[in-house]
>>> print(open('coords.cif').read())   # mmCIF, C-alpha atoms (C1' of nucleotides)
data_work
#
loop_
_atom_site.label_atom_id
_atom_site.label_comp_id
_atom_site.auth_asym_id
_atom_site.auth_seq_id
_atom_site.Cartn_x
_atom_site.Cartn_y
_atom_site.Cartn_z
CA MET A 282 -3.75 0.96 -0.97
CA PRO A 283 -2.13 -1.39 -3.43
CA GLU A 284 -1.21 -5.04 -3.59
CA GLY A 285 0.43 -6.57 -6.65
CA HIS A 286 -2.70 -6.70 -8.80
CA ALA A 287 -3.17 -2.93 -8.51
CA ILE A 288 0.43 -2.24 -9.53
CA ARG A 289 0.04 -4.48 -12.56
CA ARG A 290 -3.08 -2.56 -13.56
CA LEU A 291 -1.13 0.67 -13.31
CA ALA A 292 1.44 -0.71 -15.73
CA LEU A 293 -1.36 -1.66 -18.12
CA ALA A 294 -2.78 1.85 -17.86
CA PHE A 295 0.61 3.40 -18.65
CA ASP A 296 1.04 0.98 -21.53
CA ALA A 297 -2.29 2.02 -22.99
CA SER A 298 -1.95 5.78 -22.71
CA PHE A 299 1.67 6.84 -22.20
CA VAL A 300 4.10 4.31 -23.69
CA GLY A 301 5.23 5.57 -27.10
CA GLU A 302 4.25 9.14 -26.23
CA GLN A 303 6.38 12.17 -25.52
CA CYS A 304 5.81 13.25 -21.93
CA GLU A 305 6.12 16.43 -19.96
CA LEU A 306 7.40 15.61 -16.51
CA SER A 307 7.17 17.92 -13.52
CA SER A 308 7.07 17.78 -9.76
CA PRO A 309 4.43 20.28 -8.60
CA GLN A 310 5.23 19.41 -4.99
CA GLY A 311 8.95 19.78 -5.68
CA ARG A 312 10.29 16.63 -4.09
CA PHE A 313 11.11 14.96 -7.43
CA ALA A 314 12.04 18.18 -9.25
CA ALA A 315 15.53 17.11 -10.38
CA GLY A 316 14.39 13.73 -11.70
CA ALA A 317 11.39 15.21 -13.49
CA ALA A 318 13.54 17.91 -15.10
CA GLN A 319 16.05 15.34 -16.36
CA LEU A 320 13.36 13.31 -18.14
CA ASP A 321 11.10 16.19 -19.19
CA ARG A 322 10.00 15.89 -22.84
CA TRP A 323 11.42 12.38 -23.15
CA TRP A 324 9.38 9.46 -24.50
CA MET A 325 7.98 6.78 -22.23
CA SER A 326 9.20 3.48 -23.61
CA ALA A 327 8.03 0.82 -21.15
CA ALA A 328 5.98 0.13 -18.04
CA GLN A 329 6.98 -2.94 -16.04
CA THR A 330 6.22 -4.40 -12.63
CA LYS A 331 7.55 -6.93 -10.22
CA GLY A 332 5.55 -7.40 -7.05
CA LYS A 333 4.55 -3.97 -5.79
CA HIS A 334 7.32 -2.19 -7.70
CA LEU A 335 6.51 -0.16 -10.81
CA PHE A 336 9.19 0.83 -13.33
CA LEU A 337 8.59 3.41 -16.05
CA GLY A 338 11.22 3.52 -18.81
CA PHE A 339 12.11 6.76 -20.64
CA GLY A 340 14.42 7.80 -23.45
CA PRO A 341 15.32 11.05 -25.24
CA GLU A 342 14.01 9.55 -28.51
CA PRO A 343 11.03 7.28 -29.17
CA GLY A 344 11.75 3.63 -28.43
CA GLU A 345 14.91 4.27 -26.42
CA THR A 346 15.25 3.49 -22.72
CA GLU A 347 17.96 5.43 -20.92
CA GLU A 348 16.46 5.89 -17.48
CA TRP A 349 13.86 4.22 -15.30
CA ILE A 350 11.61 5.77 -12.71
CA HIS A 351 11.16 3.37 -9.82
CA VAL A 352 7.90 3.90 -7.93
CA HIS A 353 6.74 2.12 -4.80
CA LEU A 354 3.42 3.33 -3.42
CA GLY A 355 3.87 2.07 0.12
CA LEU A 356 0.81 2.00 2.31
CA TYR A 357 -1.15 4.86 0.86
CA GLY A 358 0.46 6.22 -2.29
CA GLY A 359 -1.50 6.37 -5.52
CA TRP A 360 -1.83 7.61 -9.09
CA ARG A 361 -4.65 9.78 -10.39
CA PHE A 362 -5.37 9.72 -14.09
CA ALA A 363 -7.17 12.22 -16.26
CA GLY A 364 -7.93 12.71 -19.93
CA LYS A 365 -7.61 9.75 -22.28
CA SER A 366 -5.89 7.68 -19.62
CA GLU A 367 -8.86 8.21 -17.34
CA VAL A 368 -11.07 6.54 -19.92
CA GLY A 369 -8.53 3.74 -20.18
CA THR A 370 -8.50 3.16 -16.46
CA ALA A 371 -12.28 3.29 -16.22
CA LEU A 372 -12.38 -0.26 -17.57
CA THR A 373 -10.29 -0.95 -14.60
CA PRO A 374 -10.16 -0.29 -10.98
CA GLN A 375 -12.51 1.90 -9.08
CA ARG A 376 -9.39 2.95 -7.23
CA LEU A 377 -7.74 4.25 -10.36
CA ASP A 378 -10.74 6.31 -11.28
CA PRO A 379 -10.21 9.96 -10.48
CA ASP A 380 -13.04 11.79 -8.83
CA PRO A 381 -15.21 12.58 -11.87
CA GLY A 382 -16.45 15.77 -10.27
CA ILE A 383 -12.97 17.19 -10.04
CA LEU A 384 -10.99 15.93 -13.01
CA PRO A 385 -12.31 16.25 -16.57
CA ALA A 386 -12.99 13.05 -18.48
CA THR A 387 -11.45 14.46 -21.63
CA PRO A 388 -9.10 17.31 -22.35
CA SER A 389 -11.02 20.55 -22.23
CA GLU A 390 -10.51 24.23 -21.59
CA HIS A 391 -9.52 23.14 -18.08
CA TRP A 392 -6.71 21.04 -19.46
CA PRO A 393 -4.46 20.21 -17.78
CA PRO A 394 -6.21 20.38 -14.41
CA GLU A 395 -4.52 22.03 -11.48
CA PRO A 396 -2.55 19.59 -9.32
CA ARG A 397 -4.62 18.58 -6.33
CA GLY A 398 -2.74 17.91 -3.10
CA ALA A 399 0.91 16.89 -2.89
CA VAL A 400 1.70 15.75 -6.43
CA ARG A 401 5.22 14.34 -6.39
CA LEU A 402 5.34 13.63 -10.11
CA ARG A 403 3.10 14.72 -12.98
CA ILE A 404 3.35 12.97 -16.34
CA LEU A 405 1.52 14.79 -19.11
CA THR A 406 0.97 14.01 -22.79
CA ALA A 407 -1.23 15.84 -25.28
CA GLU A 408 -4.18 13.75 -24.16
CA SER A 409 -3.38 12.10 -20.87
CA LEU A 410 -2.32 12.96 -17.34
CA ALA A 411 -0.99 10.90 -14.45
CA ASP A 412 -0.35 12.43 -11.02
CA LEU A 413 1.63 10.54 -8.39
CA ILE A 414 0.68 11.18 -4.77
CA GLY A 415 2.29 9.96 -1.56
CA PRO A 416 4.68 7.31 -2.85
CA ASN A 417 7.02 5.56 -0.50
CA ARG A 418 9.65 5.68 -3.27
CA CYS A 419 10.00 7.66 -6.48
CA GLN A 420 13.53 7.70 -7.81
CA LEU A 421 15.57 7.40 -10.98
CA VAL A 422 17.39 4.09 -11.31
CA THR A 423 19.67 2.59 -13.93
CA ALA A 424 18.88 -0.71 -15.61
CA GLU A 425 21.43 -2.34 -13.30
CA GLU A 426 19.83 -0.91 -10.18
CA MET A 427 16.44 -2.00 -11.42
CA ALA A 428 17.74 -5.54 -11.91
CA GLY A 429 19.09 -5.44 -8.36
CA ILE A 430 15.73 -4.44 -6.95
CA GLU A 431 14.01 -7.23 -8.86
CA ALA A 432 16.62 -9.78 -7.81
CA ARG A 433 15.85 -9.16 -4.15
CA LEU A 434 12.20 -10.10 -4.70
CA GLY A 435 10.76 -13.58 -4.61
CA PRO A 436 8.55 -15.07 -7.33
CA ASP A 437 5.56 -12.97 -8.43
CA PRO A 438 2.18 -14.73 -8.73
CA LEU A 439 1.41 -12.41 -11.66
CA ALA A 440 4.41 -13.54 -13.70
CA ASP A 441 3.42 -15.21 -16.98
CA ASP A 442 5.09 -18.46 -15.91
CA ALA A 443 3.79 -18.40 -12.34
CA LEU A 444 2.00 -21.74 -12.72
CA SER A 445 5.08 -23.52 -14.03
CA GLU A 446 6.51 -26.14 -11.69
CA PRO A 447 9.92 -24.46 -11.19
CA VAL A 448 8.31 -21.20 -10.11
CA ARG A 449 5.86 -22.96 -7.80
CA GLN A 450 8.68 -24.95 -6.21
CA ASP A 451 10.75 -21.79 -5.82
CA PHE A 452 7.99 -20.36 -3.62
CA VAL A 453 7.56 -23.63 -1.72
CA ALA A 454 11.30 -23.81 -1.00
CA ARG A 455 11.46 -20.21 0.21
CA VAL A 456 8.69 -20.85 2.73
CA ARG A 457 9.92 -24.23 3.89
CA LYS A 458 13.43 -23.09 4.70
CA SER A 459 12.17 -20.78 7.47
CA SER A 460 10.62 -21.55 10.85
CA ARG A 461 8.91 -18.15 10.92
CA PRO A 462 5.09 -18.29 10.76
CA VAL A 463 3.83 -18.87 7.24
CA GLY A 464 1.53 -15.85 7.66
CA GLU A 465 4.60 -13.73 8.16
CA LEU A 466 6.55 -15.37 5.33
CA VAL A 467 4.02 -14.78 2.57
CA MET A 468 4.07 -11.04 3.35
CA ASP A 469 7.85 -11.05 2.97
CA GLN A 470 8.47 -9.71 -0.53
CA SER A 471 11.54 -11.92 -0.90
CA VAL A 472 9.26 -14.96 -0.51
CA SER A 473 6.30 -13.96 -2.69
CA ALA A 474 6.38 -10.58 -4.41
CA GLY A 475 3.13 -8.65 -4.62
CA VAL A 476 1.23 -10.45 -1.89
CA GLY A 477 -0.19 -8.02 0.67
CA ASN A 478 -2.35 -8.18 3.75
CA ILE A 479 -5.66 -9.00 2.05
CA TYR A 480 -4.30 -11.71 -0.25
CA ARG A 481 -2.42 -13.19 2.70
CA ALA A 482 -5.54 -13.46 4.83
CA GLU A 483 -7.80 -14.73 2.06
CA ALA A 484 -5.52 -17.27 0.39
CA LEU A 485 -4.47 -18.80 3.73
CA PHE A 486 -8.15 -19.18 4.57
CA ARG A 487 -9.06 -20.65 1.19
CA THR A 488 -6.29 -23.24 1.49
CA GLY A 489 -7.00 -23.97 5.16
CA ILE A 490 -3.56 -23.06 6.46
CA ASN A 491 -3.12 -21.63 9.94
CA PRO A 492 -1.03 -18.45 9.64
CA TYR A 493 0.94 -19.28 12.78
CA ARG A 494 2.21 -22.61 11.49
CA ALA A 495 5.98 -22.53 10.95
CA GLY A 496 7.03 -22.45 7.30
CA THR A 497 9.06 -25.61 7.84
CA ARG A 498 5.95 -27.41 9.07
CA VAL A 499 3.64 -26.73 6.13
CA SER A 500 3.63 -29.55 3.58
CA ALA A 501 4.93 -28.89 0.10
CA ALA A 502 1.56 -29.93 -1.29
CA ARG A 503 -0.34 -27.37 0.76
CA LEU A 504 2.16 -24.64 -0.09
CA GLY A 505 1.80 -25.51 -3.76
CA ALA A 506 -1.94 -25.08 -3.41
CA LEU A 507 -1.40 -21.79 -1.60
CA TRP A 508 0.81 -20.53 -4.43
CA ASP A 509 -1.75 -21.56 -7.02
CA ASP A 510 -4.43 -19.71 -5.09
CA PHE A 511 -2.33 -16.54 -5.02
CA VAL A 512 -2.06 -16.85 -8.80
CA VAL A 513 -5.80 -17.39 -9.27
CA LEU A 514 -6.82 -14.58 -6.92
CA MET A 515 -4.32 -12.03 -8.16
CA ARG A 516 -5.04 -12.69 -11.83
CA ARG A 517 -8.70 -12.20 -10.96
CA GLY A 518 -7.73 -8.99 -9.19
CA VAL A 519 -6.06 -7.63 -12.32
CA ILE A 520 -9.18 -8.34 -14.38
CA GLU A 521 -11.72 -7.11 -11.87
CA GLY A 522 -9.74 -4.22 -10.41
CA ALA A 523 -10.59 -5.30 -6.90
CA ILE A 524 -9.74 -8.09 -4.51
CA ASN A 525 -12.75 -10.39 -4.63
CA THR A 526 -12.12 -13.76 -3.02
CA VAL A 527 -15.49 -15.20 -2.01
CA GLU A 528 -16.79 -17.82 -4.44
CA PRO A 529 -20.31 -16.98 -5.69
CA ASP A 530 -21.96 -20.00 -4.07
CA GLU A 531 -20.57 -18.99 -0.70
CA ALA A 532 -21.57 -15.34 -0.79
CA GLN A 533 -23.99 -14.35 1.94
CA ASP A 534 -26.72 -12.01 0.81
CA TRP A 535 -27.72 -11.28 4.39
CA ASP A 536 -24.24 -10.08 5.25
CA PRO A 537 -23.47 -7.03 3.11
CA GLU A 538 -20.01 -6.57 4.61
CA ALA A 539 -19.02 -10.12 3.77
CA GLU A 540 -19.51 -9.97 0.04
CA ARG A 541 -15.87 -9.63 -0.91
CA TRP A 542 -13.84 -11.42 1.76
CA TYR A 543 -13.93 -14.52 3.95
CA VAL A 544 -11.84 -13.22 6.86
CA TYR A 545 -10.18 -9.88 6.10
CA HIS A 546 -11.80 -7.14 8.21
CA ARG A 547 -14.39 -9.62 9.48
CA THR A 548 -13.21 -9.80 13.09
CA GLY A 549 -15.87 -11.27 15.37
CA ARG A 550 -18.21 -12.08 12.50
CA PRO A 551 -19.17 -15.69 11.74
CA CYS A 552 -16.97 -17.66 9.35
CA LEU A 553 -18.77 -18.09 6.02
CA ARG A 554 -17.97 -21.82 6.10
CA CYS A 555 -18.23 -22.92 9.73
CA GLY A 556 -19.76 -20.04 11.69
CA THR A 557 -16.81 -19.73 14.06
CA SER A 558 -15.99 -16.17 15.08
CA ILE A 559 -13.23 -14.73 12.88
CA ARG A 560 -10.17 -13.74 14.87
CA GLN A 561 -7.77 -10.83 14.55
CA ALA A 562 -4.28 -10.42 15.97
CA ASP A 563 -1.19 -8.33 15.32
CA LEU A 564 1.56 -10.15 13.46
CA LYS A 565 4.74 -8.14 13.02
CA GLY A 566 2.83 -4.88 13.07
CA ARG A 567 0.12 -5.89 10.59
CA ALA A 568 -3.42 -7.00 11.30
CA LEU A 569 -3.88 -10.71 10.76
CA PHE A 570 -7.31 -12.30 10.25
CA TRP A 571 -8.13 -16.01 10.31
CA CYS A 572 -10.68 -18.68 11.19
CA PRO A 573 -9.29 -20.86 13.99
CA GLN A 574 -11.59 -23.72 12.97
CA CYS A 575 -11.03 -23.81 9.20
CA GLN A 576 -7.30 -23.05 9.32
CA ARG A 577 -5.12 -25.68 10.95
"C1'" DA B 168 -7.90 21.45 14.96
"C1'" DA B 169 -6.61 17.07 16.35
"C1'" DC B 170 -6.71 12.47 15.92
"C1'" DT B 171 -7.28 7.91 13.44
"C1'" DT B 172 -6.74 4.77 9.81
"C1'" DA B 173 -4.98 2.43 5.52
"C1'" DT B 174 -4.11 -3.28 0.68
"C1'" DG B 175 3.97 -1.10 2.95
"C1'" DA B 176 8.63 -1.36 4.11
"C1'" DC B 177 12.74 0.56 5.90
"C1'" DT B 178 16.24 1.61 9.85
"C1'" DA B 179 17.99 1.68 14.55
"C1'" DA B 180 18.48 -0.56 18.75
"C1'" DT C 127 10.09 -4.08 18.79
"C1'" DA C 128 9.74 0.84 18.06
"C1'" DG C 129 10.25 4.63 15.25
"C1'" DT C 130 10.14 6.68 10.71
"C1'" DC C 131 8.42 7.98 6.18
"C1'" DC C 132 4.94 9.07 2.47
"C1'" DT C 133 -0.68 11.42 2.14
"C1'" DA C 134 -5.76 11.92 2.18
"C1'" DA C 135 -10.04 11.10 4.11
"C1'" DG C 136 -12.84 10.26 7.71
"C1'" DT C 137 -14.05 10.90 12.61
"C1'" DT C 138 -13.91 13.25 16.95
"C1'" DG C 139 -13.84 17.35 19.93
#
>>> encode(input="coords.cif", output="structure tokens")
Amino acid sequence: MPEGHAIRRLALAFDASFVGEQCELSSPQGRFAAGAAQLDRWWMSAAQTKGKHLFLGFGPEPGETEEWIHVHLGLYGGWRFAGKSEVGTALTPQRLDPDPGILPATPSEHWPPEPRGAVRLRILTAESLADLIGPNRCQLVTAEEMAGIEARLGPDPLADDALSEPVRQDFVARVRKSSRPVGELVMDQSVSAGVGNIYRAEALFRTGINPYRAGTRVSAARLGALWDDFVVLMRRGVIEGAINTVEPDEAQDWDPEAERWYVYHRTGRPCLRCGTSIRQADLKGRALFWCPQCQR
DNA sequence: AACTTATGACTAA
DNA sequence: TAGTCCTAAGTTG
């Protein structure tokens, strides 16, 4: 489900409702039982992200950080919130909203609600609940291990300094040193951390870059523009809670399925700019979408 | 009940 | 490149 913008929103949700609070940790499903037991009744001290990686800091006393939980959601993991944190996340993504018919909006006689499905980790405060389902990774890491994970990642378009020249040039250099297709490179988390399949398709379209062009053969100027577009789109994604890439003046009212995206999941439909049929192909096991006319 | 799909990433060969 | 892992929801039979 998640690209970098969604992970950043999760960190904001944890910041708002869990950081500074004492937390009961459990693993209803059992697969994180030891880790949950170790941190049970500790205080959450921080929520940080890099790319698609989420790190939750905990300590035995308020304000301390002794352990980190490292969570990677993979293709279909997710968090469900309830209670006060549900209200917090309602300003945010539709995807973070629990099913209102099943989870109570505020603590009630049904508090806390029964775990639904395979809940790997439950984090509970007096007022808020977060259930982790289907993560690719959920493990305790030390600060050193966390630094190692972050060091293996490339620059993150959601970093505060993402639009600074050194960061932009870092991305440009990482792409231009490889002859692999640029469409493959931008999905490589050591090149640009947090970019996923939708942002890849949409930003390459918006900057007119053919995904099959070798990294070495894309000009530094075009790659700089691509980086800047990742930053613009992903910052928008954090605010809006959804990946919306089509500029308002290009939206097609007659095409309800084209409201959000130019090319992603629009195979065979006419390009919003030139009318050419949008193409789809498999690139390293992931679906790639592009306009062969607009992207050269 | 079985199968399909999904905004991801790893390992083995 | 293929296989593996993590889960829920939708579709098909």
>>> residues_around(input="coords.cif", residues="stretch 131-138 of chain C", least_positions_apart="6", cutoff="10 Å", atoms="all atoms listed in the file", output="PyMOL selection string")
(chain A and resi 354-359+398-400+414-418) or (chain B and resi 169-172+176-177)
>>> write_last_selection(input="coords.cif", atoms="C-alpha atoms (C1' of nucleotides)", output="mmCIF file, in the frame of the given file")
data_model
loop_
_atom_site.group_PDB
_atom_site.id
_atom_site.type_symbol
_atom_site.label_atom_id
_atom_site.label_comp_id
_atom_site.auth_asym_id
_atom_site.auth_seq_id
_atom_site.Cartn_x
_atom_site.Cartn_y
_atom_site.Cartn_z
ATOM 1 C CA LEU A 354 3.420 3.330 -3.420
ATOM 2 C CA GLY A 355 3.870 2.070 0.120
ATOM 3 C CA LEU A 356 0.810 2.000 2.310
ATOM 4 C CA TYR A 357 -1.150 4.860 0.860
ATOM 5 C CA GLY A 358 0.460 6.220 -2.290
ATOM 6 C CA GLY A 359 -1.500 6.370 -5.520
ATOM 7 C CA GLY A 398 -2.740 17.910 -3.100
ATOM 8 C CA ALA A 399 0.910 16.890 -2.890
ATOM 9 C CA VAL A 400 1.700 15.750 -6.430
ATOM 10 C CA ILE A 414 0.680 11.180 -4.770
ATOM 11 C CA GLY A 415 2.290 9.960 -1.560
ATOM 12 C CA PRO A 416 4.680 7.310 -2.850
ATOM 13 C CA ASN A 417 7.020 5.560 -0.500
ATOM 14 C CA ARG A 418 9.650 5.680 -3.270
ATOM 15 C "C1'" DA B 169 -6.610 17.070 16.350
ATOM 16 C "C1'" DC B 170 -6.710 12.470 15.920
ATOM 17 C "C1'" DT B 171 -7.280 7.910 13.440
ATOM 18 C "C1'" DT B 172 -6.740 4.770 9.810
ATOM 19 C "C1'" DA B 176 8.630 -1.360 4.110
ATOM 20 C "C1'" DC B 177 12.740 0.560 5.900
#
>>> atom_distance(input="coords.cif", atom1="atom CA of A:Leu485", atom2="atom CA of A:Leu507")
6.8 Å
>>> closest_atom_pairs(input="coords.cif", of="chain A", to="chain B", cutoff="12 Å", atoms="all atoms listed in the file", output="CSV")
residue,atom,partner,partner_atom,distance
A:Met282,CA,B:DT174,C1',4.6
A:Pro283,CA,B:DT174,C1',4.9
A:Glu284,CA,B:DT174,C1',5.5
A:Gly285,CA,B:DT174,C1',9.2
A:His286,CA,B:DT174,C1',10.2
A:Ala287,CA,B:DT174,C1',9.2
A:Ile288,CA,B:DT174,C1',11.2
A:Gly332,CA,B:DG175,C1',11.9
A:Lys333,CA,B:DG175,C1',9.2
A:His334,CA,B:DG175,C1',11.2
A:His353,CA,B:DG175,C1',8.8
A:Leu354,CA,B:DG175,C1',7.8
A:Gly355,CA,B:DG175,C1',4.3
A:Leu356,CA,B:DG175,C1',4.5
A:Tyr357,CA,B:DA173,C1',6.5
A:Gly358,CA,B:DG175,C1',9.7
A:Gly359,CA,B:DT174,C1',11.8
A:Arg376,CA,B:DT174,C1',11.4
A:Pro416,CA,B:DG175,C1',10.2
A:Asn417,CA,B:DG175,C1',8.1
A:Arg418,CA,B:DA176,C1',10.3
A:Met468,CA,B:DG175,C1',9.9
A:Asp469,CA,B:DA176,C1',9.8
A:Gln470,CA,B:DA176,C1',9.6
A:Gly475,CA,B:DT174,C1',10.5
A:Val476,CA,B:DT174,C1',9.3
A:Gly477,CA,B:DT174,C1',6.2
A:Asn478,CA,B:DT174,C1',6.0
A:Ile479,CA,B:DT174,C1',6.1
A:Tyr480,CA,B:DT174,C1',8.5
A:Arg481,CA,B:DT174,C1',10.3
A:Ala482,CA,B:DT174,C1',11.1
A:Gly518,CA,B:DT174,C1',12.0
A:Ala523,CA,B:DT174,C1',10.2
A:Ile524,CA,B:DT174,C1',9.0
A:Tyr545,CA,B:DT174,C1',10.5
A:His546,CA,B:DT174,C1',11.4
A:Lys565,CA,B:DA176,C1',11.9
A:Gly566,CA,B:DG175,C1',10.9
A:Arg567,CA,B:DG175,C1',9.8
A:Ala568,CA,B:DA173,C1',11.2
>>> axis_aligned_box(input="coords.cif", around="stretch 133-137 of chain C", padding_each_side="3 Å", output="lines of an AutoDock Vina configuration file")
center_x = -7.4
center_y = 11.1
center_z = 7.4
size_x = 19.4
size_y = 7.7
size_z = 16.5
>>> atom_distance(input="coords.cif", atom1="atom CA of A:Glu426", atom2="atom CA of A:Phe339")
15.1 Å
>>> atom_distance(input="coords.cif", atom1="atom CA of A:Ser558", atom2="atom CA of A:Gly496")
25.1 Å
>>> residues_near_point(input="coords.cif", point="(15.1, 2.4, -10.0)", cutoff="10 Å", atoms="only C-alpha atoms (C1' of nucleotides)", output="list in words")
His334, Leu335, Phe336, Leu337, Gly338, Glu348, Trp349, Ile350, His351, Val352, His353, Arg418, Cys419, Gln420, Leu421, Val422, Thr423, Ala424, Glu425, Glu426, Met427, Ala428, Gly429, Ile430 and Glu431 of chain A
>>> resolve_selection(input="coords.cif", expression="the PyMOL selection byres ((chain A and resi 295-308) around 8)", output="VMD selection string")
chain A and resid 291 to 294 309 to 314 317 to 318 320 to 328 343 to 344 365 to 366 369 400 to 406 409
>>> closest_residue(input="coords.cif", among="A:Val544, A:Cys552, A:Leu413, A:Ala432", to="chain C", atoms="all atoms listed in the file")
A:Leu413
>>> resolve_selection(input="coords.cif", expression="the PyMOL selection byres ((chain A and resi 436) around 12)", output="JSON, numbers by chain")
{"A": [285, 331, 332, 333, 431, 432, 433, 434, 435, 437, 438, 439, 440, 441, 442, 443, 444, 445, 447, 448, 449, 450, 451, 452, 453, 454, 455, 456, 467, 469, 470, 471, 472, 473, 474, 475, 476, 508, 511, 512]}
>>> closest_residue(input="coords.cif", among="A:Phe362, A:Ser500, A:His391, A:Leu564", to="chain C", atoms="all atoms listed in the file")
A:Leu564
>>> decode(input="coords.cif", residues="chain C", atoms="C-alpha atoms (C1' of nucleotides)", output="mmCIF file, in the first residue's frame")
data_model
loop_
_atom_site.group_PDB
_atom_site.id
_atom_site.type_symbol
_atom_site.label_atom_id
_atom_site.label_comp_id
_atom_site.auth_asym_id
_atom_site.auth_seq_id
_atom_site.Cartn_x
_atom_site.Cartn_y
_atom_site.Cartn_z
ATOM 1 C "C1'" DT C 127 14.880 -14.496 -13.248
ATOM 2 C "C1'" DA C 128 12.232 -17.172 -9.976
ATOM 3 C "C1'" DG C 129 10.847 -18.016 -5.514
ATOM 4 C "C1'" DT C 130 9.706 -16.340 -0.965
ATOM 5 C "C1'" DC C 131 7.515 -13.611 2.625
ATOM 6 C "C1'" DC C 132 3.868 -10.675 4.912
ATOM 7 C "C1'" DT C 133 -2.194 -10.079 4.698
ATOM 8 C "C1'" DA C 134 -6.905 -8.678 3.316
ATOM 9 C "C1'" DA C 135 -10.259 -7.928 0.011
ATOM 10 C "C1'" DG C 136 -12.274 -8.783 -4.079
ATOM 11 C "C1'" DT C 137 -13.560 -12.030 -7.774
ATOM 12 C "C1'" DT C 138 -14.483 -16.510 -9.632
ATOM 13 C "C1'" DG C 139 -16.322 -21.235 -9.471
#
